[in-house]
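Student: Structure: start-v1.cif, mmCIF, C-alpha atoms (C1' of nucleotides).
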data_coords
#
loop_
_atom_site.label_atom_id
_atom_site.label_comp_id
_atom_site.auth_asym_id
_atom_site.auth_seq_id
_atom_site.Cartn_x
_atom_site.Cartn_y
_atom_site.Cartn_z
CA MET A 1 87.93 114.18 280.68
CA VAL A 2 84.28 113.52 281.24
CA ALA A 3 82.03 116.50 280.79
CA HIS A 4 80.51 117.48 284.08
CA VAL A 5 77.98 120.00 285.18
CA ARG A 6 79.03 123.31 286.58
CA GLY A 7 80.72 123.18 289.91
CA GLN A 8 81.05 119.41 290.06
CA GLY A 9 84.42 118.66 291.55
CA ALA A 10 87.14 116.64 289.92
CA ALA A 11 87.07 114.05 292.68
CA TYR A 12 83.42 113.26 292.06
CA ASP A 13 83.97 109.89 290.41
CA ALA A 14 86.63 108.82 292.89
CA ARG A 15 84.50 109.64 295.90
CA ARG A 16 81.49 107.95 294.39
CA THR A 17 83.50 104.84 293.68
CA ALA A 18 84.87 104.81 297.21
CA ILE A 19 81.33 104.73 298.58
CA LEU A 20 80.36 101.90 296.26
CA ASP A 21 83.44 99.95 297.31
CA ALA A 22 82.27 100.25 300.90
CA VAL A 23 78.91 98.83 299.83
CA PHE A 24 80.65 95.89 298.18
CA ALA A 25 82.71 95.19 301.27
CA LEU A 26 79.57 95.17 303.41
CA VAL A 27 77.62 93.00 300.99
CA ASP A 28 80.49 90.56 300.85
CA THR A 29 80.85 90.06 304.56
CA GLU A 30 77.31 90.62 305.80
CA GLY A 31 74.93 90.44 302.88
CA VAL A 32 72.69 92.99 301.19
CA ALA A 33 70.35 92.93 304.18
CA GLN A 34 72.96 94.50 306.43
CA VAL A 35 73.71 97.42 304.15
CA THR A 36 72.66 100.67 305.82
CA ILE A 37 73.55 104.25 305.01
CA ARG A 38 75.31 104.64 308.32
CA ARG A 39 77.34 101.47 307.99
CA VAL A 40 78.34 102.37 304.45
CA ALA A 41 79.46 105.78 305.67
CA ASP A 42 81.45 104.26 308.53
CA ARG A 43 83.11 101.69 306.31
CA ALA A 44 84.05 104.32 303.75
CA GLY A 45 85.23 106.65 306.50
CA VAL A 46 82.92 109.47 305.43
CA SER A 47 79.86 111.19 306.82
CA VAL A 48 76.27 110.14 306.29
CA GLY A 49 75.70 113.45 304.56
CA ARG A 50 78.28 112.59 301.94
CA VAL A 51 76.68 109.27 301.12
CA GLN A 52 73.34 111.02 300.84
CA HIS A 53 74.83 113.62 298.58
CA TYR A 54 76.08 111.06 296.08
CA PHE A 55 73.04 108.78 296.37
CA LYS A 56 69.79 110.41 297.29
CA THR A 57 68.11 107.28 298.60
CA LYS A 58 69.15 103.83 299.70
CA ASP A 59 67.43 102.31 296.69
CA GLU A 60 69.46 104.52 294.42
CA LEU A 61 72.62 103.43 296.21
CA LEU A 62 71.82 99.76 295.85
CA GLU A 63 70.84 100.15 292.23
CA ALA A 64 74.10 101.94 291.47
CA ALA A 65 76.04 99.23 293.29
CA SER A 66 74.21 96.53 291.37
CA SER A 67 74.93 98.28 288.11
CA ALA A 68 78.59 98.79 288.97
CA ILE A 69 79.18 95.18 289.92
CA ASN A 70 77.51 94.12 286.68
CA ASP A 71 79.80 96.38 284.69
CA ARG A 72 82.86 95.06 286.46
CA GLY A 73 81.91 91.52 285.46
CA ALA A 74 81.36 92.59 281.86
CA GLU A 75 84.76 94.28 281.81
CA ARG A 76 86.50 91.17 283.02
CA VAL A 77 84.97 89.22 280.16
CA ALA A 78 85.69 91.90 277.56
CA GLU A 79 89.33 92.04 278.58
CA HIS A 80 89.89 88.48 277.50
CA ALA A 81 88.82 88.67 273.87
CA ALA A 82 91.96 87.94 271.87
CA GLY A 83 93.43 85.32 269.56
CA THR A 84 91.39 82.59 267.91
CA PRO A 85 87.73 82.11 268.81
CA GLY A 86 88.69 78.96 270.71
CA ASP A 87 91.33 80.75 272.76
CA THR A 88 88.97 83.62 273.48
CA LEU A 89 86.35 81.18 274.64
CA ARG A 90 88.77 79.37 276.92
CA ALA A 91 90.03 82.64 278.35
CA ILE A 92 86.51 83.86 279.12
CA LEU A 93 85.51 80.59 280.71
CA ARG A 94 88.51 80.75 282.99
CA VAL A 95 87.47 84.21 284.10
CA LEU A 96 84.04 82.87 285.05
CA ILE A 97 85.55 80.67 287.75
CA PRO A 98 86.45 82.24 291.10
CA ARG A 99 90.11 81.37 291.45
CA ASP A 100 91.59 83.20 294.41
CA GLU A 101 90.03 84.88 297.41
CA GLU A 102 89.73 88.16 295.55
CA ASP A 103 87.71 86.45 292.83
CA ARG A 104 85.55 84.80 295.43
CA ARG A 105 84.75 88.16 296.97
CA LEU A 106 83.68 89.51 293.60
CA PHE A 107 81.53 86.49 292.85
CA ARG A 108 79.89 86.55 296.26
CA VAL A 109 78.92 90.16 295.74
CA GLN A 110 77.67 89.42 292.24
CA GLN A 111 75.54 86.56 293.50
CA ALA A 112 74.17 88.70 296.29
CA PHE A 113 73.03 91.35 293.83
CA GLU A 114 71.72 88.75 291.41
CA THR A 115 69.50 87.44 294.16
CA TYR A 116 68.56 90.99 295.11
CA ALA A 117 67.61 91.56 291.48
CA LEU A 118 65.18 88.64 291.63
CA THR A 119 62.85 90.82 293.68
CA THR A 120 63.71 94.11 291.97
CA PRO A 121 62.40 93.98 288.39
CA ALA A 122 64.38 97.01 287.23
CA LEU A 123 67.62 95.26 288.11
CA GLY A 124 66.48 91.88 286.89
CA ALA A 125 66.44 93.12 283.31
CA ARG A 126 70.12 93.97 283.47
CA VAL A 127 71.05 90.54 284.77
CA THR A 128 69.03 88.89 282.04
CA GLN A 129 70.65 91.07 279.40
CA GLY A 130 74.14 90.29 280.65
CA TYR A 131 73.62 86.55 280.55
CA THR A 132 71.87 86.73 277.19
CA GLU A 133 74.74 88.63 275.62
CA LEU A 134 77.24 86.18 277.03
CA SER A 135 75.22 83.29 275.71
CA ALA A 136 75.14 84.83 272.24
CA LEU A 137 78.87 85.47 272.38
CA PHE A 138 79.51 81.83 273.28
CA ALA A 139 77.38 80.63 270.37
CA LEU A 140 79.24 82.98 268.04
CA LEU A 141 82.63 81.76 269.23
CA LEU A 142 81.49 78.18 268.79
CA GLY A 143 80.65 78.76 265.14
CA GLY A 144 77.47 80.77 264.71
CA PRO A 145 73.75 81.00 265.47
CA ASP A 146 73.20 77.29 264.94
CA ARG A 147 75.35 76.65 267.99
CA THR A 148 72.89 78.52 270.22
CA ALA A 149 72.02 75.52 272.35
CA ASP A 150 75.70 74.66 272.80
CA GLY A 151 76.41 78.23 273.85
CA GLN A 152 73.63 78.07 276.39
CA GLU A 153 74.87 74.77 277.74
CA LEU A 154 78.39 76.11 278.08
CA LEU A 155 77.21 79.22 279.87
CA ALA A 156 75.03 77.17 282.18
CA THR A 157 77.93 74.87 282.99
CA ALA A 158 80.21 77.81 283.71
CA VAL A 159 77.61 79.50 285.89
CA GLY A 160 76.94 76.29 287.77
CA LEU A 161 80.63 75.57 288.26
CA ALA A 162 81.03 79.04 289.73
CA THR A 163 78.23 78.29 292.18
CA LEU A 164 79.74 74.94 293.16
CA THR A 165 83.15 76.51 293.60
CA LEU A 166 81.75 79.33 295.70
CA THR A 167 79.97 76.86 297.97
CA ASP A 168 83.12 74.75 298.34
CA VAL A 169 81.64 71.71 296.66
CA ILE A 170 84.51 71.61 294.19
CA THR A 171 87.86 73.39 293.89
CA PRO A 172 88.66 76.06 291.30
CA ALA A 173 91.12 73.64 289.71
CA GLU A 174 88.44 70.97 289.32
CA ALA A 175 86.04 73.49 287.85
CA GLU A 176 88.61 74.61 285.33
CA VAL A 177 89.40 71.08 284.21
CA ILE A 178 85.72 70.31 283.73
CA VAL A 179 84.81 73.39 281.76
CA LEU A 180 87.93 73.22 279.56
CA ARG A 181 87.28 69.58 278.81
CA ARG A 182 83.76 70.39 277.78
CA VAL A 183 84.68 73.35 275.60
CA ASP A 184 87.24 71.23 273.79
CA GLN A 185 84.54 68.69 273.04
CA LEU A 186 82.26 71.41 271.74
CA LEU A 187 85.02 72.96 269.62
CA ALA A 188 86.04 69.68 268.02
CA MET B 1 52.79 60.62 315.72
CA VAL B 2 55.93 62.45 316.61
CA ALA B 3 56.92 62.27 320.24
CA HIS B 4 56.52 65.64 321.86
CA VAL B 5 57.22 67.11 325.24
CA ARG B 6 54.54 67.35 327.84
CA GLY B 7 51.84 69.83 327.08
CA GLN B 8 52.87 70.51 323.54
CA GLY B 9 49.78 70.88 321.45
CA ALA B 10 48.84 68.65 318.54
CA ALA B 11 48.77 71.61 316.16
CA TYR B 12 52.38 72.45 316.94
CA ASP B 13 53.85 71.29 313.65
CA ALA B 14 51.05 72.77 311.57
CA ARG B 15 51.33 76.17 313.21
CA ARG B 16 55.09 76.14 312.93
CA THR B 17 54.86 75.27 309.26
CA ALA B 18 52.32 78.03 308.67
CA ILE B 19 54.76 80.57 310.05
CA LEU B 20 57.57 79.24 307.86
CA ASP B 21 55.27 79.41 304.84
CA ALA B 22 54.72 83.07 305.58
CA VAL B 23 58.48 83.53 305.65
CA PHE B 24 58.77 81.85 302.26
CA ALA B 25 56.09 84.06 300.77
CA LEU B 26 57.86 87.16 302.03
CA VAL B 27 61.26 86.00 300.84
CA ASP B 28 59.83 85.20 297.45
CA THR B 29 58.22 88.56 296.84
CA GLU B 30 60.49 90.89 298.80
CA GLY B 31 63.72 89.11 299.60
CA VAL B 32 65.32 87.98 302.84
CA ALA B 33 66.14 91.58 303.72
CA GLN B 34 62.46 92.44 304.11
CA VAL B 35 61.66 89.61 306.49
CA THR B 36 60.67 90.99 309.88
CA ILE B 37 58.93 89.35 312.79
CA ARG B 38 55.97 91.67 312.44
CA ARG B 39 55.59 91.17 308.70
CA VAL B 40 55.81 87.42 309.11
CA ALA B 41 53.13 87.56 311.79
CA ASP B 42 50.89 89.72 309.62
CA ARG B 43 51.34 87.52 306.57
CA ALA B 44 50.57 84.40 308.60
CA GLY B 45 47.62 86.11 310.27
CA VAL B 46 48.95 85.52 313.77
CA SER B 47 50.35 87.59 316.59
CA VAL B 48 53.96 88.59 317.07
CA GLY B 49 53.91 86.65 320.32
CA ARG B 50 53.09 83.47 318.48
CA VAL B 51 55.99 83.84 316.09
CA GLN B 52 58.25 84.49 319.05
CA HIS B 53 56.92 81.47 320.81
CA TYR B 54 57.81 79.15 317.95
CA PHE B 55 61.09 80.87 317.11
CA LYS B 56 62.84 82.62 319.94
CA THR B 57 64.91 84.93 317.77
CA LYS B 58 64.88 86.15 314.20
CA ASP B 59 68.08 84.25 313.49
CA GLU B 60 66.45 81.07 314.68
CA LEU B 61 63.48 81.75 312.40
CA LEU B 62 65.67 82.31 309.37
CA GLU B 63 67.78 79.29 310.12
CA ALA B 64 64.69 77.12 310.44
CA ALA B 65 63.36 78.51 307.18
CA SER B 66 66.64 77.85 305.45
CA SER B 67 66.70 74.32 306.77
CA ALA B 68 63.11 73.69 305.75
CA ILE B 69 63.60 74.91 302.20
CA ASN B 70 66.68 72.74 301.93
CA ASP B 71 64.72 69.70 303.07
CA ARG B 72 61.96 70.41 300.60
CA GLY B 73 64.49 70.39 297.77
CA ALA B 74 65.99 67.15 298.99
CA GLU B 75 62.56 65.57 299.16
CA ARG B 76 61.78 66.52 295.60
CA VAL B 77 64.94 64.79 294.45
CA ALA B 78 64.40 61.71 296.62
CA GLU B 79 60.88 61.28 295.27
CA HIS B 80 62.19 60.65 291.78
CA ALA B 81 64.49 57.70 292.39
CA ALA B 82 62.93 54.81 290.44
CA GLY B 83 63.65 52.56 287.49
CA THR B 84 67.03 52.27 285.82
CA PRO B 85 69.90 54.54 286.85
CA GLY B 86 69.49 56.42 283.60
CA ASP B 87 65.79 57.02 284.16
CA THR B 88 66.39 58.10 287.73
CA LEU B 89 69.03 60.54 286.55
CA ARG B 90 66.75 62.01 283.92
CA ALA B 91 63.91 62.32 286.38
CA ILE B 92 66.07 64.12 288.93
CA LEU B 93 67.49 66.48 286.33
CA ARG B 94 63.99 67.44 285.28
CA VAL B 95 63.12 68.28 288.86
CA LEU B 96 66.10 70.63 289.02
CA ILE B 97 64.57 72.89 286.38
CA PRO B 98 61.87 75.36 287.44
CA ARG B 99 58.99 74.47 285.18
CA ASP B 100 55.86 76.33 286.24
CA GLU B 101 55.33 79.39 288.39
CA GLU B 102 55.13 77.28 291.52
CA ASP B 103 58.55 75.82 290.79
CA ARG B 104 59.91 79.27 290.12
CA ARG B 105 58.72 80.44 293.52
CA LEU B 106 60.47 77.52 295.21
CA PHE B 107 63.68 78.12 293.31
CA ARG B 108 63.65 81.83 294.01
CA VAL B 109 63.34 81.15 297.71
CA GLN B 110 66.07 78.53 297.54
CA GLN B 111 68.41 80.91 295.78
CA ALA B 112 67.64 83.64 298.30
CA PHE B 113 68.60 81.38 301.18
CA GLU B 114 71.63 80.05 299.35
CA THR B 115 72.87 83.62 299.04
CA TYR B 116 71.96 84.26 302.64
CA ALA B 117 73.99 81.20 303.58
CA LEU B 118 77.06 82.70 301.89
CA THR B 119 77.38 85.07 304.82
CA THR B 120 76.11 82.67 307.49
CA PRO B 121 78.69 79.90 307.94
CA ALA B 122 76.37 77.63 309.89
CA LEU B 123 73.96 77.51 306.97
CA GLY B 124 76.68 77.35 304.34
CA ALA B 125 77.69 73.90 305.51
CA ARG B 126 74.22 72.55 304.79
CA VAL B 127 74.21 73.95 301.27
CA THR B 128 77.62 72.46 300.58
CA GLN B 129 76.54 69.10 301.94
CA GLY B 130 73.40 69.07 299.81
CA TYR B 131 75.26 69.78 296.59
CA THR B 132 78.02 67.33 297.48
CA GLU B 133 75.57 64.51 298.07
CA LEU B 134 73.79 65.29 294.82
CA SER B 135 77.09 65.29 292.97
CA ALA B 136 78.00 61.92 294.42
CA LEU B 137 74.59 60.54 293.50
CA PHE B 138 75.05 61.72 289.93
CA ALA B 139 78.45 60.05 289.69
CA LEU B 140 76.97 56.84 291.09
CA LEU B 141 74.11 56.87 288.61
CA LEU B 142 76.58 57.47 285.79
CA GLY B 143 78.56 54.36 286.70
CA GLY B 144 80.64 54.84 289.82
CA PRO B 145 83.36 56.86 291.54
CA ASP B 146 85.41 57.18 288.37
CA ARG B 147 82.61 59.27 286.89
CA THR B 148 83.04 61.92 289.60
CA ALA B 149 84.03 64.68 287.18
CA ASP B 150 81.10 63.84 284.92
CA GLY B 151 78.76 63.97 287.88
CA GLN B 152 80.10 67.35 288.86
CA GLU B 153 79.74 68.66 285.34
CA LEU B 154 76.18 67.43 285.11
CA LEU B 155 75.26 69.01 288.44
CA ALA B 156 76.91 72.28 287.44
CA THR B 157 75.01 72.31 284.16
CA ALA B 158 71.72 71.64 285.93
CA VAL B 159 72.38 74.33 288.52
CA GLY B 160 73.37 76.81 285.84
CA LEU B 161 70.35 76.01 283.70
CA ALA B 162 68.12 76.65 286.69
CA THR B 163 69.75 80.05 287.14
CA LEU B 164 69.36 80.91 283.48
CA THR B 165 65.74 79.80 283.53
CA LEU B 166 65.00 81.79 286.66
CA THR B 167 66.50 84.91 285.12
CA ASP B 168 64.51 84.43 281.91
CA VAL B 169 67.54 83.92 279.74
CA ILE B 170 66.18 80.61 278.48
CA THR B 171 62.85 78.80 278.77
CA PRO B 172 62.25 75.72 280.89
CA ALA B 173 61.75 73.74 277.68
CA GLU B 174 65.11 74.81 276.33
CA ALA B 175 66.78 73.96 279.61
CA GLU B 176 65.26 70.50 279.61
CA VAL B 177 66.36 69.77 276.05
CA ILE B 178 69.90 70.84 276.84
CA VAL B 179 70.33 68.85 280.03
CA LEU B 180 68.69 65.72 278.63
CA ARG B 181 70.87 65.87 275.55
CA ARG B 182 73.95 66.10 277.74
CA VAL B 183 72.97 63.29 280.07
CA ASP B 184 72.34 61.02 277.09
CA GLN B 185 75.85 61.76 275.87
CA LEU B 186 77.26 60.96 279.27
CA LEU B 187 75.23 57.76 279.60
CA ALA B 188 76.28 56.44 276.19
"C1'" DA C 1 86.83 139.18 293.21
"C1'" DT C 2 82.54 137.61 293.36
"C1'" DC C 3 78.91 134.82 293.09
"C1'" DT C 4 76.56 130.43 292.40
"C1'" DA C 5 76.12 125.88 292.92
"C1'" DA C 6 78.28 121.79 294.61
"C1'" DT C 7 79.72 119.57 298.71
"C1'" DC C 8 79.40 117.89 302.98
"C1'" DA C 9 78.91 117.57 308.29
"C1'" DA C 10 75.74 117.62 311.95
"C1'" DT C 11 71.70 116.54 313.68
"C1'" DA C 12 66.79 115.96 314.32
"C1'" DC C 13 62.69 113.05 313.25
"C1'" DC C 14 59.74 109.40 313.43
"C1'" DA C 15 58.75 104.85 311.95
"C1'" DA C 16 59.94 100.28 312.42
"C1'" DC C 17 63.00 97.11 314.22
"C1'" DG C 18 64.20 92.93 317.55
"C1'" DT C 19 63.36 91.64 321.94
"C1'" DA C 20 61.71 91.30 326.82
"C1'" DT C 21 58.08 91.22 329.88
"C1'" DT C 22 53.68 90.33 331.65
"C1'" DG C 23 49.50 88.18 332.22
"C1'" DT C 24 45.84 85.24 330.43
"C1'" DT C 25 44.01 81.16 328.30
"C1'" DC C 26 44.39 76.58 326.87
"C1'" DT C 27 46.07 71.41 326.95
"C1'" DG C 28 46.87 67.32 328.49
"C1'" DC C 29 48.81 64.30 332.00
"C1'" DT C 30 47.76 62.41 336.72
"C1'" DA D 1 39.36 67.88 339.16
"C1'" DG D 2 43.43 69.99 339.46
"C1'" DC D 3 47.85 71.31 338.34
"C1'" DA D 4 52.00 72.34 335.35
"C1'" DG D 5 53.53 73.93 331.56
"C1'" DA D 6 52.54 75.15 326.78
"C1'" DA D 7 50.64 78.70 324.04
"C1'" DC D 8 49.69 82.57 323.23
"C1'" DA D 9 48.21 88.19 323.00
"C1'" DA D 10 49.39 92.62 324.30
"C1'" DT D 11 52.44 95.86 324.97
"C1'" DA D 12 56.53 98.32 326.41
"C1'" DC D 13 61.55 99.33 325.67
"C1'" DG D 14 65.60 100.89 323.70
"C1'" DT D 15 67.93 100.86 319.26
"C1'" DT D 16 68.56 101.69 314.69
"C1'" DG D 17 66.64 102.49 310.28
"C1'" DG D 18 65.95 105.99 306.16
"C1'" DT D 19 65.35 110.53 305.34
"C1'" DA D 20 64.90 115.72 305.81
"C1'" DT D 21 66.80 119.87 307.21
"C1'" DT D 22 70.12 123.23 308.13
"C1'" DG D 23 74.14 125.68 307.74
"C1'" DA D 24 79.04 125.98 306.85
"C1'" DT D 25 82.54 125.35 303.44
"C1'" DT D 26 84.53 124.72 298.94
"C1'" DA D 27 85.17 124.85 293.92
"C1'" DG D 28 84.94 126.92 289.72
"C1'" DA D 29 82.90 129.92 286.14
"C1'" DT D 30 82.68 134.88 285.14
#
What does the file become when written as structure tokens?

Tutor:
Amino acid sequence: MVAHVRGQGAAYDARRTAILDAVFALVDTEGVAQVTIRRVADRAGVSVGRVQHYFKTKDELLEAASSAINDRGAERVAEHAAGTPGDTLRAILRVLIPRDEEDRRLFRVQQAFETYALTTPALGARVTQGYTELSALFALLLGGPDRTADGQELLATAVGLATLTLTDVITPAEAEVIVLRRVDQLLA
Amino acid sequence: MVAHVRGQGAAYDARRTAILDAVFALVDTEGVAQVTIRRVADRAGVSVGRVQHYFKTKDELLEAASSAINDRGAERVAEHAAGTPGDTLRAILRVLIPRDEEDRRLFRVQQAFETYALTTPALGARVTQGYTELSALFALLLGGPDRTADGQELLATAVGLATLTLTDVITPAEAEVIVLRRVDQLLA
DNA sequence: ATCTAATCAATACCAACGTATTGTTCTGCT
DNA sequence: AGCAGAACAATACGTTGGTATTGATTAGAT
């Protein structure tokens, strides 16, 4: 499907993704600090040479992982745009709360890379852009540009609820009730 | 002032704090991953032996730093309890938003250690406890235990606004307007 | 069939890591 | 004054880090 340069194998994307998945698994359980080329290779069950072939340097690997996790989050949001603006909004907000253990893993990795991006300007821009787009989308779904502040508040609440859920301060169910109650107030 | 064991020097606390400050500076500019005993020693202008003397292992150093940054946040909140419940609430909420560059540094370091705590169970408990206490305080200031959900929402909004401010999605001024507007609604 | 580039495993390199050890200097009780 | 332990500085040790290099193998265009 995708055009590729001469000689590039068909399994290129799959192998690349497998390596990135190993990075995510390591980040999830041990943090970005513990990510090493060797450990990534071990976790993925491949050689160091292979990892180096797909990502020339460690920085490149981490940047690709950061980008990939960002995209995965954006996809999750995009998948839930359907029905009335209100329904779309509710669906997206639900997706922003880590529900089961699989969600929690994803959110932990996202937070790890968000923190990593704080000290890596090139990545920081992407995080900012993602949040900014989501904020604009929220305002739009609430009624238009004059709901900008409401959109920002809603996004902030969702982001904060995710943090509180991830740190076991509240349960996913509590978070959902709170954010849905608030969005209903803002939609009324 | 503080009771200390025999022979412990008077400058003990000051020297210990100086080392932790070096850790904070490193975490702020380079992230937890880049913290090494040698770099900490260099940044603090002391020998590796000194760092080792005050913190036997790197884990102990990071745990102490995490604890210290947590305490500093708690102090900032505690300082602003005065006047009516409403005024206290407003004052605390303002403190939870990174205003100037100095605030931003503190918040960046806090977020770095919060993420670090996600993969370090012993530290995770402290983070959870801190948020839980703050949530309970918010509910109390809003009127009592039956305002628990409102307290949680308010905390989530404040936490999220801090994140959005730190990532340059919104300005500190915007964040303050939003959270103060919301707390006024909840106090009415 | 051949040839070129992609692919990858193996391994070597050196810097930097955390830590342990050693010995000296300083502090403060008695 | 003298002694015990704190408070270092210096340095050595073994490990692991990222990266470079090399060579064998494979895939795919011609």

Student: I need the residue set behind the PyMOL selection byres ((chain B) within 7 of (chain A)) for this file; please write it as a list in words.

Tutor: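 Answer for the PyMOL selection byres ((chain B) within 7 of (chain A)): Thr29, Glu30, Gly31, Ala33, Gln111, Ala112, Thr115, Tyr116, Thr119, Thr128, Tyr131, Thr132, Ala149, Glu153, Ala156, Thr157, Val159, Gly160, Leu161, Leu164, Thr167, Asp168, Val169 and Ile178 of chain B.
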
Student: Applying the PyMOL selection byres ((chain D and resi 13) around 9) to the file I just gave you, which residues come out? Please list them as a PyMOL selection string.

Tutor: (chain C and resi 19-20) or (chain D and resi 12+14)

Student: On this structure, the PyMOL selection byres ((chain D and resi 25) around 9) would catch which residues? List them as a PyMOL selection string, sorted by chain and number.

Tutor: (chain C and resi 7-8) or (chain D and resi 24+26)

Student: Do a neighbour search on DC17 of chain C at 9 Å with all atoms listed in the file, toss out local chain neighbours closer than 5 positions, and write the hits as number ranges by chain.

Tutor: B: 36-37; D: 15-17

Student: What does the structure give for the distance between atom CA of Leu61 of chain B and atom C1' of DT22 of chain C, in Å to one decimal?

Tutor: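 So the answer is 23.2 Å.
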
Student: So that I can check the surroundings of DT11 of chain C, please list as a list in words every protein, DNA and RNA residue that reaches within 12 Å of it, counting only C-alpha atoms (C1' of nucleotides) and ignoring chain neighbours fewer than 3 positions away.

Tutor: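 Once the adjacent positions are removed, what remains is Ser47, Val48 and Gly49 of chain A; DA20, DT21, DT22 and DG23 of chain D.
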
Student: With a distance threshold of 8 Å and counting all atoms listed in the file, extract the residues of chain C near chain B and express them as an MDAnalysis selection string.

Tutor: chainID C and resid 17:18 27:29

Student: Output C-alpha atoms (C1' of nucleotides) of each residue in that selection to a file, as a JSON list (two decimals), in the frame of the given file.

Tutor:
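out-v3.json was written with the following content:
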[["chain", "number", "residue", "atom", "x", "y", "z"],
["C", 17, "DC", "C1'", 63.00, 97.11, 314.22],
["C", 18, "DG", "C1'", 64.20, 92.93, 317.55],
["C", 27, "DT", "C1'", 46.07, 71.41, 326.95],
["C", 28, "DG", "C1'", 46.87, 67.32, 328.49],
["C", 29, "DC", "C1'", 48.81, 64.30, 332.00]]

Student: What is the atom CA of Leu141 of chain B-atom CA of Leu93 of chain A distance in Å, reported with one decimal?

Tutor: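 The value is 27.5 Å.
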
Student: In Å, with one decimal, what is the gap from atom CA of Ala173 of chain B to atom CA of His80 of chain B?

Tutor: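 Distance reported for this atom pair: 19.2 Å.
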
Student: If we count all atoms listed in the file, which residues of chain D reach to within 8 Å of chain A? Please list them as a ChimeraX atom specification.

Tutor: /D:17-19,27-29

Student: Excluding Thr17 of chain A and any residue of its chain fewer than 6 positions from it, enumerate the residues within 10 Å of it, using all atoms listed in the file, and give them as a PyMOL selection string.

Tutor: chain A and resi 11+23+54+65+68

Student: Which residue is closest to DA4 of chain D? Choose from C:DT21, C:DT2, C:DA12, C:DT30 and count only C-alpha atoms (C1' of nucleotides).

Tutor: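 Closest to DA4 of chain D, using only C-alpha atoms (C1' of nucleotides): C:DT30.
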
Student: With all atoms listed in the file counted, which protein, DNA or RNA residues have an atom no more than 10 Å from (68.5, 58.8, 283.2) in the file frame? Please answer as a short mmCIF file (atom, residue, chain, number, x, y, z; two decimals) with C-alpha atoms, in the coordinates of the input.

Tutor:
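The new file point_12.cif reads:
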data_model
loop_
_atom_site.label_atom_id
_atom_site.label_comp_id
_atom_site.auth_asym_id
_atom_site.auth_seq_id
_atom_site.Cartn_x
_atom_site.Cartn_y
_atom_site.Cartn_z
CA ALA B 82 62.93 54.81 290.44
CA GLY B 83 63.65 52.56 287.49
CA THR B 84 67.03 52.27 285.82
CA PRO B 85 69.90 54.54 286.85
CA GLY B 86 69.49 56.42 283.60
CA ASP B 87 65.79 57.02 284.16
CA THR B 88 66.39 58.10 287.73
CA LEU B 89 69.03 60.54 286.55
CA ARG B 90 66.75 62.01 283.92
CA ALA B 91 63.91 62.32 286.38
CA ILE B 92 66.07 64.12 288.93
CA LEU B 93 67.49 66.48 286.33
CA ARG B 94 63.99 67.44 285.28
CA PHE B 138 75.05 61.72 289.93
CA LEU B 141 74.11 56.87 288.61
CA LEU B 142 76.58 57.47 285.79
CA LEU B 180 68.69 65.72 278.63
CA VAL B 183 72.97 63.29 280.07
CA ASP B 184 72.34 61.02 277.09
CA LEU B 186 77.26 60.96 279.27
CA LEU B 187 75.23 57.76 279.60
#

Student: Quick one: segment 2-16 of chain D with C-alpha atoms (C1' of nucleotides), as a PDB file, in the first residue's frame?

Tutor:
ATOM      1  C1'  DG D   2      41.508  13.548  74.033  1.00  0.00           C
ATOM      2  C1'  DC D   3      38.605  10.460  71.899  1.00  0.00           C
ATOM      3  C1'  DA D   4      34.664   8.763  68.940  1.00  0.00           C
ATOM      4  C1'  DG D   5      32.251   9.290  65.312  1.00  0.00           C
ATOM      5  C1'  DA D   6      30.744  12.411  61.663  1.00  0.00           C
ATOM      6  C1'  DA D   7      32.146  14.266  57.379  1.00  0.00           C
ATOM      7  C1'  DC D   8      34.184  14.195  53.865  1.00  0.00           C
ATOM      8  C1'  DA D   9      37.767  13.614  49.315  1.00  0.00           C
ATOM      9  C1'  DA D  10      39.900  10.549  46.365  1.00  0.00           C
ATOM     10  C1'  DT D  11      39.859   6.829  43.829  1.00  0.00           C
ATOM     11  C1'  DA D  12      39.205   2.138  42.276  1.00  0.00           C
ATOM     12  C1'  DC D  13      35.984  -1.513  40.546  1.00  0.00           C
ATOM     13  C1'  DG D  14      32.950  -3.913  37.754  1.00  0.00           C
ATOM     14  C1'  DT D  15      28.849  -3.071  34.989  1.00  0.00           C
ATOM     15  C1'  DT D  16      26.202  -1.161  31.620  1.00  0.00           C
TER      16       DT D  16
END
